[in-house]
Amino acid sequence: MSIQVSAVVPTYKRPDLLRKCLNALIKQQFSPDAYEIIIVDDACSEETRELVEEFSGLSYSRKAGAISGSGCEYSSCIQIRYVAAVETQGPAMARNIGWRMARGGIIAFTDDDCLPEPDWLKEGVSAFKDDLAGVSGQVVVPISKTPTDYERTVSQLANCEFVTANCFYCRSVLEEVGGFDQQFTMAWREDSDLQFKLLSRSYRLGCAPAARVVHPVRPAPWGVSIKEQRKSMFDALLFKKYPAIYRRLIRSGPPLHYYGIILSTAVFFAALLAGNKPLALAMAILWAGLILHFSLLRLRQTKRTPSHILEMLCTSIVIPYLSIFWRLYGAYKFRVLFF
C-alpha cells in the first residue's frame with residue numbers, strides 16, 4: 001500500500017515531549033502501511049535521533065491494535081524518519097523540510113508537545129472532500145478552573161483555525177504556494193501566513209472538528225509573558241503581506257490602555273523636566289491606575305496565589321512597553337506602517 005498521509009513534526013531539544021507525541025502517533029487508527037511519520041530536528045540533537053531510531057524499530061499489530069517489538073505476528077512497521085535541519089531557522093523551515101521529503105498526498109502537521117487522538121489521521125484525511133486544499137482540526141487545551149494567566153493564554157489555541165498543532169494540507173497545494181514563509185523564524189503567525197496565502201488565492205479550506213489533538217500546557221517560568229512579547233514583531237510581517245485578511249480575521253492590536261500607560265509615562269517625565277509637579281503627580285496616579293487595571297484584568301478568573309499576583313503586577317508594568325516596542329520594531333524591520 002502506498003503512503004496516503006505524512007505526519008510532519010518539528011522538534012527542538014524536547015525528547016521527553018517528543019516521546020509522548022510519537023507514542024500517540026504510532027497508535028493511530030490508520031493502516032500502518034498508509035502513513036509515515038517525519039521528525040524534523042531543528043537542533044540536530046543526538047538524543048532526539050536515538051529516540052526516533054528507537055521508535056523506528058517498533059511495529060503495529062493489526063490484530064491486537066497494540067504496539068510491540070518488530071517481528072510481531074500480523075504486524076507492519078510504521079515508517080518513521082528522522083531528519084536533521086542543519087541550519088536552525090525555526091519551525092517554518094523545519095516544516096518545509098518535512099513536507100518536501102514526504103511521500104503522502106496529504107500532509108498532517110502537529111507539534112512535539114501535542115498528543116493526537118487515535119482517530120486523528122482518519123478523521124483529518126476523511127474530511128478532504130469537494131477539492132479542499134486544507135483542513136483545520138480541533139486543538140483541545142486542558143486547563144484547570146483557575147489557570148494561570150499563561151495557561152489561559154495558551155488555551156486560546158482551542159479557538160484558532162489552521163494552527164500547526166493540528167492542520168492538514170494537500171502536498172500538491174504546498175508545492176504550488178511554496179509552503180511556509182521562512183521569514184517567520186519563531187513559532188508565531190507562520191501558520192496564519194499559510195492560511196492567508198491560500199485564502200488570497202481562492203483555495204477552498206475546510207474543518208475537521210473530529211480530528212482532535214490534545215495540547216497540554218507546559219510548565220512555564222515565572223514572568224514568561226515578558227519573553228512572549230517578542231513574537232508580536234511578526235504581526236507586522238503578516239499585516240504587510242495580507243492587510244485586508246489580517247483586519248478581517250485577526251483585528252487585534254495592543255489594548256488602548258497600553259498606549260495610555262506609555263503616554264502617561266511620557267507626559268510624566270515631560271512635566272518633571274518642565275517643573276510642573278501637579279501634572280507629574282496626576283500622570284503618576286493615572287499610570288498607577290492603568291497598571292492596576294491591567295493587572296486585575298489578567299487576574300480575572302485566574303489563580304490568586306501570592307506568587308501569581310506578584311507576577312501579574314510586575315509583568316503588567318513591563319508588557320505595555322515591550323509590546324509596543326516589538327510591534328514598532330517589526331514595522332521597521334519589515335518596512336510597513338503598523339502600530
# chains A, B, ... in the order shown; residues from 1 in each chain; ligands from 1

call {"tool": "closest_atom_pairs", "arguments": {"of": "stretch 220-257 of chain A", "to": "stretch 178-186 of chain A", "cutoff": "12 Å", "atoms": "only C-alpha atoms", "output": "CSV"}}
result
residue,atom,partner,partner_atom,distance
A:Glu228,CA,A:Met186,CA,10.5
A:Gln229,CA,A:Met186,CA,11.8
A:Arg230,CA,A:Met186,CA,9.3
A:Lys231,CA,A:Met186,CA,7.1
A:Ser232,CA,A:Met186,CA,10.3
A:Met233,CA,A:Phe184,CA,9.7
A:Phe234,CA,A:Phe184,CA,6.7
A:Asp235,CA,A:Phe184,CA,9.8
A:Ala236,CA,A:Phe184,CA,10.9
A:Leu237,CA,A:Phe184,CA,8.3
A:Leu238,CA,A:Phe184,CA,9.1
A:Lys241,CA,A:Asp181,CA,10.8

call {"tool": "residues_around", "arguments": {"residues": "A:Thr315", "least_positions_apart": "3", "cutoff": "10 Å", "atoms": "only C-alpha atoms", "output": "PyMOL selection string"}}
result
chain A and resi 222-226+291+295+310-312+318-320

call {"tool": "write_last_selection", "arguments": {"atoms": "N, CA and C atoms", "output": "compact mmCIF listing (two decimals), in the first residue's frame"}}
result
# COMPACT_ATOMS: atom_id res chain seq x y z
N TRP A 222 8.53 31.76 35.71
CA TRP A 222 7.95 32.99 36.24
C TRP A 222 8.26 34.15 35.29
N GLY A 223 7.26 34.90 34.92
CA GLY A 223 7.46 36.04 34.03
C GLY A 223 7.56 35.68 32.57
N VAL A 224 7.05 34.51 32.18
CA VAL A 224 7.15 34.06 30.79
C VAL A 224 6.50 35.03 29.82
N SER A 225 5.48 35.76 30.25
CA SER A 225 4.76 36.67 29.35
C SER A 225 5.66 37.80 28.83
N ILE A 226 6.72 38.12 29.55
CA ILE A 226 7.65 39.16 29.08
C ILE A 226 8.37 38.69 27.82
N ILE A 291 -1.99 50.58 35.33
CA ILE A 291 -1.26 49.35 35.61
C ILE A 291 -2.09 48.43 36.50
N SER A 295 -3.47 44.71 35.54
CA SER A 295 -3.18 43.56 36.39
C SER A 295 -4.46 42.83 36.79
N LEU A 310 1.83 38.57 42.36
CA LEU A 310 3.06 39.36 42.21
C LEU A 310 3.57 39.33 40.78
N GLU A 311 3.47 38.17 40.14
CA GLU A 311 3.89 38.05 38.74
C GLU A 311 3.06 38.95 37.84
N MET A 312 1.76 38.98 38.06
CA MET A 312 0.89 39.81 37.24
C MET A 312 1.20 41.30 37.44
N VAL A 318 5.79 45.95 32.73
CA VAL A 318 6.75 45.86 31.62
C VAL A 318 6.08 45.60 30.27
N ILE A 319 5.02 44.79 30.26
CA ILE A 319 4.44 44.32 29.00
C ILE A 319 4.02 45.43 28.04
N PRO A 320 3.32 46.50 28.48
CA PRO A 320 2.89 47.52 27.52
C PRO A 320 4.06 48.12 26.73

call {"tool": "select_by_dssp", "arguments": {"residues": "stretch 32-249 of chain A", "states": "strand (DSSP E)", "output": "VMD selection string"}}
result
chain A and resid 35 to 41 58 to 61 67 to 69 75 to 76 79 to 84 106 to 109 115 to 116 134 to 140 167 to 170 205 to 214

call {"tool": "closest_atom_pairs", "arguments": {"of": "stretch 130-231 of chain A", "to": "stretch 8-16 of chain A", "cutoff": "12 Å", "atoms": "only C-alpha atoms", "output": "Markdown table"}}
result
| residue | atom | partner | partner_atom | distance |
| --- | --- | --- | --- | --- |
| A:Thr164 | CA | A:Val9 | CA | 9.4 |
| A:Ala165 | CA | A:Val9 | CA | 9.1 |
| A:Asn166 | CA | A:Val9 | CA | 10.5 |
| A:Cys167 | CA | A:Val8 | CA | 10.5 |
| A:Phe168 | CA | A:Val8 | CA | 10.0 |
| A:Tyr169 | CA | A:Val8 | CA | 11.2 |
| A:Arg171 | CA | A:Val8 | CA | 11.7 |
| A:Ala187 | CA | A:Pro10 | CA | 10.7 |
| A:Arg218 | CA | A:Arg14 | CA | 11.4 |

call {"tool": "closest_residue", "arguments": {"among": "A:Arg49, A:Lys27, A:Arg189, A:Arg152", "to": "A:Lys303", "atoms": "only C-alpha atoms"}}
result
A:Arg152
